[in-house]
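*Asks:* Input file: model.txt. Contents: compact mmCIF, C-alpha atoms (C1' of nucleotides).
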# COMPACT_ATOMS: atom_id res chain seq x y z
CA MET A 64 -21.31 13.12 -14.20
CA ALA A 65 -18.01 12.20 -12.64
CA ARG A 66 -15.28 12.26 -15.25
CA ARG A 67 -13.65 8.91 -15.99
CA VAL A 68 -10.61 8.46 -13.82
CA ASN A 69 -7.25 7.28 -15.06
CA ALA A 70 -5.55 4.22 -13.64
CA THR A 71 -3.38 6.19 -11.26
CA ALA A 72 -6.30 8.08 -9.79
CA ALA A 73 -8.24 4.84 -9.61
CA SER A 74 -5.49 3.19 -7.61
CA LEU A 75 -5.67 6.04 -5.11
CA LEU A 76 -9.41 5.52 -4.82
CA GLY A 77 -8.68 1.84 -4.26
CA PHE A 78 -6.37 2.57 -1.35
CA LEU A 79 -8.81 5.02 0.17
CA HIS A 80 -11.26 2.15 0.62
CA ASP A 81 -9.20 1.27 3.67
CA GLY A 82 -9.75 4.67 5.25
CA PRO A 83 -8.71 8.30 4.74
CA GLN A 84 -5.09 8.92 3.89
CA SER A 85 -2.95 11.91 3.03
CA GLY A 86 -1.08 12.27 -0.23
CA TYR A 87 2.10 11.38 1.53
CA ASP A 88 0.57 8.21 2.95
CA LEU A 89 -0.77 7.25 -0.44
CA VAL A 90 2.65 7.54 -2.01
CA GLN A 91 4.05 5.17 0.62
CA THR A 92 1.14 2.76 0.37
CA ALA A 93 1.30 2.66 -3.40
CA GLU A 94 5.05 2.27 -3.51
CA ALA A 95 4.84 -0.68 -1.14
CA SER A 96 1.92 -2.48 -2.70
CA ILE A 97 1.92 -1.74 -6.43
CA GLY A 98 5.24 -0.01 -6.91
CA ASP A 99 6.76 -2.99 -8.69
CA PHE A 100 4.47 -2.67 -11.69
CA TRP A 101 2.88 0.75 -11.33
CA SER A 102 5.01 3.77 -10.70
CA LEU A 103 3.63 6.99 -9.36
CA THR A 104 5.18 10.14 -8.07
CA ARG A 105 4.36 12.70 -5.40
CA SER A 106 3.54 15.30 -8.00
CA GLN A 107 1.05 13.03 -9.64
CA VAL A 108 -0.62 11.97 -6.44
CA TYR A 109 -1.24 15.51 -5.24
CA ARG A 110 -2.42 16.55 -8.68
CA GLU A 111 -4.89 13.68 -8.88
CA LEU A 112 -6.12 14.23 -5.34
CA ALA A 113 -6.81 17.88 -6.08
CA ALA A 114 -8.59 17.01 -9.31
CA MET A 115 -10.63 14.29 -7.63
CA ALA A 116 -11.55 16.61 -4.80
CA ASP A 117 -12.81 19.08 -7.41
CA ALA A 118 -14.82 16.33 -9.05
CA GLY A 119 -16.27 15.21 -5.73
CA LEU A 120 -14.67 11.77 -5.77
CA VAL A 121 -12.78 12.42 -2.55
CA GLU A 122 -13.20 14.85 0.28
CA ALA A 123 -10.35 16.72 1.89
CA GLN A 124 -10.44 16.61 5.65
CA GLU A 125 -9.14 19.28 8.00
CA ALA A 126 -5.43 19.84 7.76
CA GLY A 127 -3.49 18.42 10.70
CA ALA A 128 0.09 18.91 11.80
CA ARG A 129 2.53 19.97 9.07
CA ASP A 130 -0.30 20.78 6.69
CA ARG A 131 -1.08 17.10 6.62
CA ARG A 132 -4.42 16.74 4.88
CA ALA A 133 -6.19 13.41 4.65
CA TYR A 134 -8.66 12.59 1.91
CA ALA A 135 -11.72 10.43 2.36
CA LEU A 136 -13.59 8.48 -0.26
CA THR A 137 -17.06 9.68 -1.25
CA ASP A 138 -19.85 7.61 -2.76
CA ALA A 139 -19.08 9.17 -6.12
CA GLY A 140 -15.49 8.08 -5.64
CA ARG A 141 -16.55 4.53 -4.88
CA GLY A 142 -18.63 4.60 -8.05
CA ALA A 143 -15.79 5.93 -10.16
CA PHE A 144 -13.54 3.22 -8.79
CA ARG A 145 -15.99 0.49 -9.65
CA ALA A 146 -16.47 1.96 -13.11
CA TRP A 147 -12.73 1.88 -13.63
CA LEU A 148 -12.50 -1.72 -12.44
CA SER A 149 -15.03 -2.76 -15.04
CA GLU A 150 -13.07 -1.32 -17.96
CA PRO A 151 -10.74 -3.68 -19.80
CA PRO A 152 -7.20 -2.90 -18.65
CA ALA A 153 -4.73 -1.69 -21.28
CA GLN A 154 -1.64 -3.59 -22.35
CA GLU A 155 1.52 -3.19 -20.33
CA GLN A 156 4.21 -0.76 -21.25
CA ILE A 157 7.91 -1.52 -21.11
CA ARG A 158 10.70 0.90 -21.81
CA TYR A 159 14.17 -0.46 -21.40
CA PRO A 160 17.00 1.97 -22.14
CA LEU A 161 19.59 -0.81 -21.94
CA LEU A 162 17.96 -2.54 -24.88
CA LEU A 163 18.06 0.74 -26.74
CA VAL A 164 21.81 0.89 -26.22
CA LEU A 165 22.11 -2.74 -27.28
CA ALA A 166 20.15 -1.99 -30.43
CA PHE A 167 22.76 0.63 -31.30
CA ALA A 168 25.68 -1.44 -30.14
CA ARG A 169 27.38 -1.25 -33.53
CA HIS A 170 28.07 2.43 -32.81
CA LEU A 171 29.83 1.60 -29.55
CA PRO A 172 33.50 0.95 -28.98
CA PRO A 173 33.92 -2.71 -27.96
CA GLY A 174 34.05 -3.25 -24.21
CA GLN A 175 31.93 -0.23 -23.43
CA LEU A 176 28.84 -2.36 -22.92
CA ALA A 177 30.14 -4.90 -20.46
CA GLY A 178 29.99 -2.57 -17.47
CA PHE A 179 26.45 -1.44 -18.18
CA VAL A 180 25.30 -4.99 -18.69
CA ALA A 181 26.94 -6.20 -15.49
CA ALA A 182 25.37 -3.38 -13.47
CA HIS A 183 21.91 -4.12 -14.80
CA ARG A 184 22.32 -7.84 -14.24
CA ALA A 185 23.29 -7.22 -10.63
CA GLU A 186 20.26 -5.04 -10.12
CA HIS A 187 17.96 -7.75 -11.44
CA VAL A 188 19.62 -10.47 -9.40
CA GLY A 189 18.99 -8.34 -6.35
CA ARG A 190 15.36 -7.78 -7.19
CA LEU A 191 14.86 -11.47 -7.82
CA ALA A 192 16.31 -12.28 -4.41
CA GLY A 193 14.01 -9.71 -2.85
CA TYR A 194 10.95 -11.20 -4.50
CA ARG A 195 11.93 -14.70 -3.36
CA ARG A 196 12.28 -13.49 0.18
CA GLN A 197 8.89 -11.80 -0.04
CA ARG A 198 7.30 -14.96 -1.36
CA ASP A 199 8.80 -17.10 1.36
CA GLU A 200 7.63 -14.71 4.03
CA ALA A 201 4.15 -14.54 2.54
CA LEU A 202 3.90 -18.32 2.37
CA ALA A 203 5.13 -18.63 5.93
CA ALA A 204 2.42 -16.19 6.94
CA GLY A 205 -0.20 -18.38 5.29
CA ALA A 206 -0.86 -16.44 2.13
CA ARG A 207 -3.13 -18.04 -0.45
CA PRO A 208 -2.10 -18.38 -4.12
CA VAL A 209 -4.46 -15.58 -5.08
CA ASP A 210 -2.54 -13.23 -2.78
CA LEU A 211 0.65 -13.93 -4.67
CA VAL A 212 -0.35 -13.32 -8.26
CA THR A 213 1.34 -9.96 -8.67
CA LEU A 214 4.40 -11.10 -6.76
CA ASN A 215 4.61 -14.17 -8.97
CA PHE A 216 4.58 -11.94 -12.00
CA GLY A 217 7.61 -10.15 -10.64
CA LEU A 218 9.31 -13.44 -9.87
CA ARG A 219 8.83 -14.88 -13.32
CA TYR A 220 9.80 -11.63 -14.93
CA GLU A 221 13.05 -11.30 -13.02
CA GLU A 222 13.89 -14.96 -13.55
CA ALA A 223 13.43 -14.48 -17.28
CA VAL A 224 15.53 -11.34 -17.33
CA VAL A 225 18.39 -12.86 -15.34
CA ASP A 226 18.26 -15.88 -17.61
CA TRP A 227 18.49 -13.56 -20.60
CA PHE A 228 21.52 -11.84 -19.10
CA ASP A 229 23.13 -15.24 -18.55
CA HIS A 230 22.79 -16.12 -22.20
CA LEU A 231 24.09 -12.93 -23.75
CA PRO A 232 26.80 -13.41 -26.37
CA PRO A 233 30.38 -12.57 -25.35
CA GLU A 234 30.49 -9.50 -27.61
CA VAL A 235 28.13 -7.91 -25.15
CA THR A 236 29.42 -9.20 -21.84
CA ASP A 237 33.18 -9.06 -22.31
CA GLY A 238 34.86 -5.94 -21.08
CA MET B 3 27.30 23.54 -25.68
CA ALA B 4 24.88 20.99 -27.05
CA ARG B 5 22.30 20.15 -24.42
CA ARG B 6 22.26 16.52 -23.28
CA VAL B 7 19.74 14.58 -25.31
CA ASN B 8 17.17 12.24 -23.87
CA ALA B 9 16.97 8.60 -24.90
CA THR B 10 14.22 9.19 -27.44
CA ALA B 11 16.09 11.98 -29.17
CA ALA B 12 19.24 9.87 -29.05
CA SER B 13 17.50 7.00 -30.78
CA LEU B 14 16.52 9.35 -33.59
CA LEU B 15 20.13 10.43 -33.91
CA GLY B 16 21.04 6.77 -34.04
CA PHE B 17 18.71 6.13 -36.95
CA LEU B 18 19.92 9.19 -38.79
CA HIS B 19 23.37 7.60 -38.98
CA ASP B 20 21.94 5.61 -41.87
CA GLY B 21 21.05 8.71 -43.83
CA PRO B 22 18.55 11.60 -43.69
CA GLN B 23 14.98 10.71 -42.82
CA SER B 24 11.76 12.57 -42.25
CA GLY B 25 9.82 12.46 -39.00
CA TYR B 26 7.37 10.10 -40.59
CA ASP B 27 10.15 7.76 -41.69
CA LEU B 28 11.68 7.85 -38.25
CA VAL B 29 8.42 6.82 -36.63
CA GLN B 30 8.23 3.81 -38.95
CA THR B 31 11.87 2.92 -38.51
CA ALA B 32 11.66 3.18 -34.74
CA GLU B 33 8.44 1.25 -34.51
CA ALA B 34 9.95 -1.57 -36.52
CA SER B 35 13.31 -1.79 -34.85
CA ILE B 36 12.91 -0.71 -31.23
CA GLY B 37 9.14 -0.51 -30.85
CA ASP B 38 8.99 -3.63 -28.72
CA PHE B 39 10.87 -2.04 -25.83
CA TRP B 40 10.87 1.66 -26.60
CA SER B 41 7.68 3.41 -27.53
CA LEU B 42 7.58 6.74 -29.22
CA THR B 43 4.88 8.78 -30.84
CA ARG B 44 4.60 11.10 -33.79
CA SER B 45 4.19 14.09 -31.51
CA GLN B 46 7.35 13.29 -29.70
CA VAL B 47 9.41 12.69 -32.80
CA TYR B 48 8.48 16.02 -34.39
CA ARG B 49 9.01 17.81 -31.10
CA GLU B 50 12.48 16.31 -30.66
CA LEU B 51 13.44 16.93 -34.28
CA ALA B 52 12.51 20.59 -33.97
CA ALA B 53 14.41 20.91 -30.70
CA MET B 54 17.45 19.15 -32.11
CA ALA B 55 17.36 21.33 -35.21
CA ASP B 56 17.39 24.36 -32.91
CA ALA B 57 20.32 22.92 -31.04
CA GLY B 58 22.19 22.17 -34.25
CA LEU B 59 22.22 18.40 -33.78
CA VAL B 60 20.32 17.82 -37.01
CA GLU B 61 19.73 19.89 -40.10
CA ALA B 62 16.40 20.18 -41.85
CA GLN B 63 16.61 19.71 -45.58
CA GLU B 64 14.35 21.30 -48.16
CA ALA B 65 10.73 20.24 -47.90
CA GLY B 66 9.65 17.83 -50.61
CA ALA B 67 6.25 16.63 -51.66
CA ARG B 68 3.51 16.82 -49.01
CA ASP B 69 5.68 19.01 -46.80
CA ARG B 70 7.96 16.07 -46.35
CA ARG B 71 11.08 17.34 -44.67
CA ALA B 72 14.10 15.12 -44.11
CA TYR B 73 16.61 15.75 -41.36
CA ALA B 74 20.30 15.06 -41.65
CA LEU B 75 22.75 14.39 -38.86
CA THR B 76 25.37 17.04 -38.11
CA ASP B 77 28.72 16.53 -36.43
CA ALA B 78 27.29 17.98 -33.25
CA GLY B 79 24.51 15.41 -33.52
CA ARG B 80 27.01 12.60 -33.91
CA GLY B 81 28.77 13.91 -30.82
CA ALA B 82 25.57 14.11 -28.80
CA PHE B 83 24.74 10.56 -29.81
CA ARG B 84 28.10 9.23 -28.71
CA ALA B 85 27.81 11.16 -25.45
CA TRP B 86 24.44 9.55 -24.83
CA LEU B 87 25.78 6.08 -25.59
CA SER B 88 28.46 6.52 -22.98
CA GLU B 89 26.01 7.30 -20.18
CA PRO B 90 24.86 4.39 -18.04
CA PRO B 91 21.34 3.45 -19.16
CA ALA B 92 18.53 3.78 -16.63
CA GLN B 93 16.52 0.87 -15.28
CA GLU B 94 13.55 -0.32 -17.24
CA GLN B 95 10.04 0.82 -16.54
CA ILE B 96 7.05 -1.46 -16.49
CA ARG B 97 3.47 -0.39 -16.01
CA TYR B 98 0.93 -3.13 -16.19
CA PRO B 99 -2.70 -2.07 -15.64
CA LEU B 100 -3.86 -5.69 -15.47
CA LEU B 101 -1.71 -6.22 -12.40
CA LEU B 102 -3.25 -3.12 -10.93
CA VAL B 103 -6.68 -4.63 -11.36
CA LEU B 104 -5.45 -7.90 -9.89
CA ALA B 105 -4.07 -6.05 -6.90
CA PHE B 106 -7.56 -4.70 -6.24
CA ALA B 107 -9.30 -7.95 -7.11
CA ARG B 108 -11.00 -8.11 -3.70
CA HIS B 109 -13.16 -5.18 -4.81
CA LEU B 110 -14.33 -7.04 -7.91
CA PRO B 111 -17.37 -9.25 -8.32
CA PRO B 112 -16.17 -12.84 -8.92
CA GLY B 113 -15.98 -13.77 -12.59
CA GLN B 114 -15.30 -10.24 -13.73
CA LEU B 115 -11.60 -10.89 -14.10
CA ALA B 116 -11.64 -14.00 -16.25
CA GLY B 117 -12.42 -12.17 -19.47
CA PHE B 118 -9.71 -9.56 -18.98
CA VAL B 119 -7.18 -12.22 -18.10
CA ALA B 120 -8.07 -14.35 -21.11
CA ALA B 121 -7.78 -11.38 -23.46
CA HIS B 122 -4.38 -10.43 -22.14
CA ARG B 123 -3.15 -13.99 -22.28
CA ALA B 124 -4.19 -14.25 -25.91
CA GLU B 125 -2.37 -11.06 -26.73
CA HIS B 126 0.83 -12.38 -25.18
CA VAL B 127 0.53 -15.74 -26.86
CA GLY B 128 0.27 -13.90 -30.16
CA ARG B 129 3.30 -11.76 -29.46
CA LEU B 130 5.30 -14.79 -28.44
CA ALA B 131 4.41 -16.51 -31.71
CA GLY B 132 5.43 -13.39 -33.61
CA TYR B 133 8.81 -13.25 -31.87
CA ARG B 134 9.43 -16.93 -32.59
CA ARG B 135 8.69 -16.37 -36.23
CA GLN B 136 11.04 -13.39 -36.29
CA ARG B 137 13.78 -15.42 -34.66
CA ASP B 138 13.40 -18.27 -37.10
CA GLU B 139 13.51 -15.92 -40.04
CA ALA B 140 16.54 -14.14 -38.67
CA LEU B 141 18.37 -17.40 -38.07
CA ALA B 142 17.48 -18.60 -41.55
CA ALA B 143 18.92 -15.35 -42.88
CA GLY B 144 22.18 -16.03 -41.08
CA ALA B 145 21.87 -13.65 -38.15
CA ARG B 146 24.55 -13.86 -35.47
CA PRO B 147 23.68 -14.20 -31.78
CA VAL B 148 24.59 -10.57 -31.19
CA ASP B 149 21.92 -9.53 -33.67
CA LEU B 150 19.28 -11.32 -31.65
CA VAL B 151 19.83 -9.94 -28.17
CA THR B 152 16.88 -7.60 -28.10
CA LEU B 153 14.63 -10.12 -29.80
CA ASN B 154 15.69 -12.73 -27.27
CA PHE B 155 14.69 -10.39 -24.50
CA GLY B 156 11.22 -10.22 -25.97
CA LEU B 157 11.10 -13.98 -26.33
CA ARG B 158 12.06 -14.70 -22.77
CA TYR B 159 9.76 -12.01 -21.49
CA GLU B 160 6.74 -13.31 -23.36
CA GLU B 161 7.51 -16.88 -22.39
CA ALA B 162 7.64 -15.87 -18.76
CA VAL B 163 4.40 -13.93 -18.99
CA VAL B 164 2.51 -16.72 -20.73
CA ASP B 165 3.85 -19.13 -18.15
CA TRP B 166 2.60 -16.80 -15.44
CA PHE B 167 -0.84 -16.72 -17.04
CA ASP B 168 -0.84 -20.51 -17.18
CA HIS B 169 -0.25 -20.77 -13.45
CA LEU B 170 -2.82 -18.29 -12.23
CA PRO B 171 -5.14 -19.58 -9.50
CA PRO B 172 -8.70 -20.46 -10.51
CA GLU B 173 -10.16 -17.50 -8.60
CA VAL B 174 -8.64 -15.33 -11.28
CA THR B 175 -9.19 -17.41 -14.40
CA ASP B 176 -12.66 -18.84 -13.85
CA GLY B 177 -15.50 -16.92 -15.41
C1' DC C 152 -12.40 11.73 -63.03
C1' DC C 153 -13.27 11.04 -58.60
C1' DG C 154 -13.35 8.56 -53.99
C1' DT C 155 -10.52 6.45 -50.88
C1' DG C 156 -6.77 5.79 -48.33
C1' DA C 157 -1.86 6.21 -47.37
C1' DC C 158 1.39 9.95 -46.60
C1' DG C 159 3.29 13.70 -43.79
C1' DG C 160 2.75 16.89 -40.54
C1' DT C 161 0.61 20.12 -36.65
C1' DC C 162 -1.54 20.86 -32.44
C1' DC C 163 -3.44 20.09 -28.05
C1' DA C 164 -4.85 18.06 -23.57
C1' DC C 165 -3.66 15.01 -20.51
C1' DA C 166 -0.44 11.92 -18.02
C1' DG C 167 4.02 10.73 -15.98
C1' DT C 168 8.92 11.87 -14.14
C1' DG C 169 12.14 13.96 -11.24
C1' DG C 170 14.22 17.52 -8.97
C1' DA C 171 14.22 21.96 -6.36
C1' DC C 172 12.26 24.16 -2.78
C1' DT C 173 9.57 25.32 1.57
C1' DG C 174 8.17 24.74 6.10
C1' DT C 175 7.26 21.86 10.37
C1' DG C 176 7.50 18.68 13.95
C1' DA C 177 10.16 14.89 16.42
C1' DT C 178 14.32 13.39 18.25
C1' DG C 179 18.50 12.78 20.24
C1' DT C 180 22.84 14.69 21.75
C1' DG C 181 26.04 18.02 23.98
C1' DC D 139 17.58 23.08 27.82
C1' DA D 140 19.22 24.42 23.05
C1' DC D 141 19.87 23.27 18.84
C1' DA D 142 21.19 20.48 14.81
C1' DT D 143 19.31 17.11 12.10
C1' DC D 144 16.19 14.52 9.75
C1' DA D 145 11.72 12.60 8.50
C1' DC D 146 7.36 14.42 7.30
C1' DA D 147 4.17 16.84 4.10
C1' DG D 148 3.34 19.48 0.49
C1' DT D 149 4.15 22.80 -3.71
C1' DC D 150 5.90 23.87 -8.04
C1' DC D 151 8.11 23.51 -12.37
C1' DA D 152 10.35 21.81 -16.64
C1' DC D 153 10.60 18.22 -19.29
C1' DT D 154 9.01 13.88 -21.32
C1' DG D 155 5.49 10.68 -22.98
C1' DT D 156 0.63 9.42 -24.91
C1' DG D 157 -3.16 9.69 -27.86
C1' DG D 158 -6.38 11.74 -30.56
C1' DA D 159 -8.23 15.41 -33.65
C1' DC D 160 -7.29 17.71 -37.47
C1' DC D 161 -5.34 19.33 -42.03
C1' DG D 162 -3.72 19.18 -46.71
C1' DT D 163 -1.58 16.23 -50.44
C1' DC D 164 -0.55 12.74 -53.55
C1' DA D 165 -1.38 7.86 -55.66
C1' DC D 166 -4.22 4.55 -57.27
C1' DG D 167 -8.23 1.76 -58.48
C1' DG D 168 -12.79 1.63 -60.30
Represent the structure contained in this file as structure tokens.

*Replies:*
Amino acid sequence: MARRVNATAASLLGFLHDGPQSGYDLVQTAEASIGDFWSLTRSQVYRELAAMADAGLVEAQEAGARDRRAYALTDAGRGAFRAWLSEPPAQEQIRYPLLLVLAFARHLPPGQLAGFVAAHRAEHVGRLAGYRRQRDEALAAGARPVDLVTLNFGLRYEEAVVDWFDHLPPEVTDG
Amino acid sequence: MARRVNATAASLLGFLHDGPQSGYDLVQTAEASIGDFWSLTRSQVYRELAAMADAGLVEAQEAGARDRRAYALTDAGRGAFRAWLSEPPAQEQIRYPLLLVLAFARHLPPGQLAGFVAAHRAEHVGRLAGYRRQRDEALAAGARPVDLVTLNFGLRYEEAVVDWFDHLPPEVTDG
DNA sequence: CCGTGACGGTCCACAGTGGACTGTGATGTG
DNA sequence: CACATCACAGTCCACTGTGGACCGTCACGG
């Protein structure tokens, strides 16, 4: 009985539906397609691939140049992926260190915060611009609404965050 | 030289500024005050307390009833906390399994998603209502804007998410 | 007086993060 | 051509984070 896979492993199985890929490829693929709301690291990918190979969910192919080793989906892997898809997804997790600092702001010398806040705001403004560009490109390429759901999440999220930054009280934004 | 503390340990040091607390207390305190954007678990709290006691950042007091053991801040702990506050906070992390499922929606039988989506929407609607109640209570109690910054983040976030849910294409919401 | 449940903590397995490190092939420049 | 450089591909480790199982202890209601 193939052990239940975790969400990260499942995402790898998902990508392998499009053909065998190496760990390195999978990191790139994942970063590009789900990286905005699902982080994963090299270490994790190789660990999961090894574990899934053990469990028969994927099959390692012959190593190519530079030890490059592609993994192919097996039927058991396809089954494990479908099983994962049918489980109710867990709630999202957010950890925001800046909010932690804000929560302890009374312990900070005044003015200390402004720089941190400005840097984070700039980061979010940049991400928002990036998402808008992505959306425009996708629409120009004829994407359907259903293709934009995850991108739209990012858009709304970043809009909300930038809006929040723009309504912070002066105690927090004045350097 | 007191080792640099991580954000979780630092938050414990922050809470201990208000007086000695046990690990159990700290879990409650943290859950109530920063739980919405900074998760931590029992295991982690006891682990960090032990490590910080080793490093001299906190001091364990005599065990009371039920092995209850309170920890008190030391000067080194106060220093480590201030050092942490002065570091630029990292970017936030979001991991949203539902988006992962949506990203792989083409592998799902139609109709499968609707239930998941509805459940998550309901959860967010509930959280939004809770935040609004909290805000109203805080305002009624005379809170200043600066006291509401983290709560406002939650409010804007949940508003954005619910709005996103309300604009999902029918392929995703129809059961 | 006893069952139940909140209190308070320990322990473990698994998952996730990030950096250090190794070696290899492609590439472009003197 | 030789060689420096850099992207590729993977390994490994320490630390951090998550969640559940488990244990004993006290308080309180029936």

*Asks:* Can you tell me, as lines of an AutoDock Vina configuration file, the centre and edge lengths (Å, one decimal) of the axis-aligned box enclosing all of segment 156-168 of chain B's listed atoms after padding each side by 5 Å?

*Replies:*
center_x = 5.6
center_y = -15.4
center_z = -20.9
size_x = 22.9
size_y = 20.3
size_z = 20.9

*Asks:* Residues of chain D within 12 Å of chain A, using only C-alpha atoms (C1' of nucleotides), as an MDAnalysis selection string?

*Replies:* chainID D and resid 145:151 155:156

*Asks:* Leaving out DG167 of chain D and any residue of its chain fewer than 6 positions from it, which residues lie within 12 Å of it when counting only C-alpha atoms (C1' of nucleotides), given as a ChimeraX atom specification?

*Replies:* /C:152-156

*Asks:* Please find the residues of chain C near chain A - the criterion being any atom within 10 Å, counting all atoms listed in the file - and write them as JSON, numbers by chain.

*Replies:* {"C": [166, 167, 168, 169, 174, 175, 176]}

*Asks:* Ranking B:Glu125, B:Asp38, B:Glu89, B:Asp77 by minimum distance to Asn154 of chain B and counting only C-alpha atoms, which one comes first?

*Replies:*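 Of B:Glu125, B:Asp38, B:Glu89, B:Asp77, the one nearest Asn154 of chain B is B:Asp38, counting only C-alpha atoms.
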
*Asks:* Name the closest residue to chain B among the candidates A:Ala126, A:Ala133, A:Val121, A:Ile97; distances are taken between atoms, counting only C-alpha atoms.

*Replies:*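 The closest residue to chain B is A:Ile97.
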
*Asks:* For Leu100 of chain B, which residue among B:Ala140, B:Gly37, B:Phe167, B:Val151 is the nearest when counting all atoms listed in the file?

*Replies:*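 Closest to Leu100 of chain B, using all atoms listed in the file: B:Phe167.
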
*Asks:* As a PyMOL selection string, could you give me every residue of chain B near chain A (at most 8 Å apart, counting only C-alpha atoms)?

*Replies:* chain B and resi 9+13+16+36+38-41+84+87-88+90-106+109-110+114+118+122+147-148+151-152+154-155+158-159+162-163+166+170-171+173-174

*Asks:* So how many Å separate atom CA of Arg141 of chain A and atom CA of Leu76 of chain A, to one decimal?

*Replies:* 7.2 Å

*Asks:* Interatomic distance between atom CA of Val47 of chain B and atom CA of Ala85 of chain B?

*Replies:*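 Spanning atom CA of Val47 of chain B to atom CA of Ala85 of chain B is a straight-line distance of 19.9 Å.
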
*Asks:* Give me, please, the distance in Å between atom CA of Ala139 of chain A and atom CA of Gly119 of chain A, quoted to one decimal.

*Replies:*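 A separation of 6.7 Å between them.
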
*Asks:* Counting all atoms listed in the file, figure out which residue out of C:DC172, C:DG159, C:DT180, C:DC165 gets nearest to DG158 of chain D.

*Replies:* C:DC165

*Asks:* Just give me the residues with any atom within 12 Å of (-18.0, 18.1, -12.5), file coordinates, counting only C-alpha atoms (C1' of nucleotides), written as a VMD selection string.

*Replies:* chain A and resid 64 to 67 114 to 120 139

*Asks:* Can segment 187-202 of chain A be brought up to N, CA and C atoms and written out as a CSV table (one decimal), in the coordinates of the input?

*Replies:*
chain,number,residue,atom,x,y,z
A,187,HIS,N,19.0,-6.8,-11.3
A,187,HIS,CA,18.0,-7.8,-11.4
A,187,HIS,C,18.1,-9.0,-10.5
A,188,VAL,N,19.4,-9.4,-10.3
A,188,VAL,CA,19.6,-10.5,-9.4
A,188,VAL,C,19.1,-10.1,-8.0
A,189,GLY,N,19.4,-8.8,-7.6
A,189,GLY,CA,19.0,-8.3,-6.4
A,189,GLY,C,17.5,-8.3,-6.2
A,190,ARG,N,16.8,-7.8,-7.2
A,190,ARG,CA,15.4,-7.8,-7.2
A,190,ARG,C,14.8,-9.2,-7.1
A,191,LEU,N,15.4,-10.1,-7.9
A,191,LEU,CA,14.9,-11.5,-7.8
A,191,LEU,C,15.0,-12.0,-6.4
A,192,ALA,N,16.1,-11.8,-5.8
A,192,ALA,CA,16.3,-12.3,-4.4
A,192,ALA,C,15.3,-11.7,-3.5
A,193,GLY,N,15.0,-10.4,-3.7
A,193,GLY,CA,14.0,-9.7,-2.8
A,193,GLY,C,12.6,-10.3,-3.0
A,194,TYR,N,12.3,-10.6,-4.2
A,194,TYR,CA,11.0,-11.2,-4.5
A,194,TYR,C,10.9,-12.6,-3.9
A,195,ARG,N,12.0,-13.3,-4.0
A,195,ARG,CA,11.9,-14.7,-3.4
A,195,ARG,C,11.8,-14.6,-1.9
A,196,ARG,N,12.4,-13.7,-1.3
A,196,ARG,CA,12.3,-13.5,0.2
A,196,ARG,C,10.8,-13.1,0.5
A,197,GLN,N,10.3,-12.2,-0.3
A,197,GLN,CA,8.9,-11.8,0.0
A,197,GLN,C,8.0,-13.0,-0.2
A,198,ARG,N,8.2,-13.8,-1.2
A,198,ARG,CA,7.3,-15.0,-1.4
A,198,ARG,C,7.4,-15.9,-0.2
A,199,ASP,N,8.6,-16.2,0.2
A,199,ASP,CA,8.8,-17.1,1.4
A,199,ASP,C,8.1,-16.6,2.6
A,200,GLU,N,8.3,-15.3,2.9
A,200,GLU,CA,7.6,-14.7,4.0
A,200,GLU,C,6.1,-14.8,3.9
A,201,ALA,N,5.6,-14.5,2.7
A,201,ALA,CA,4.2,-14.5,2.5
A,201,ALA,C,3.6,-16.0,2.7
A,202,LEU,N,4.3,-16.9,2.2
A,202,LEU,CA,3.9,-18.3,2.4
A,202,LEU,C,3.9,-18.7,3.8
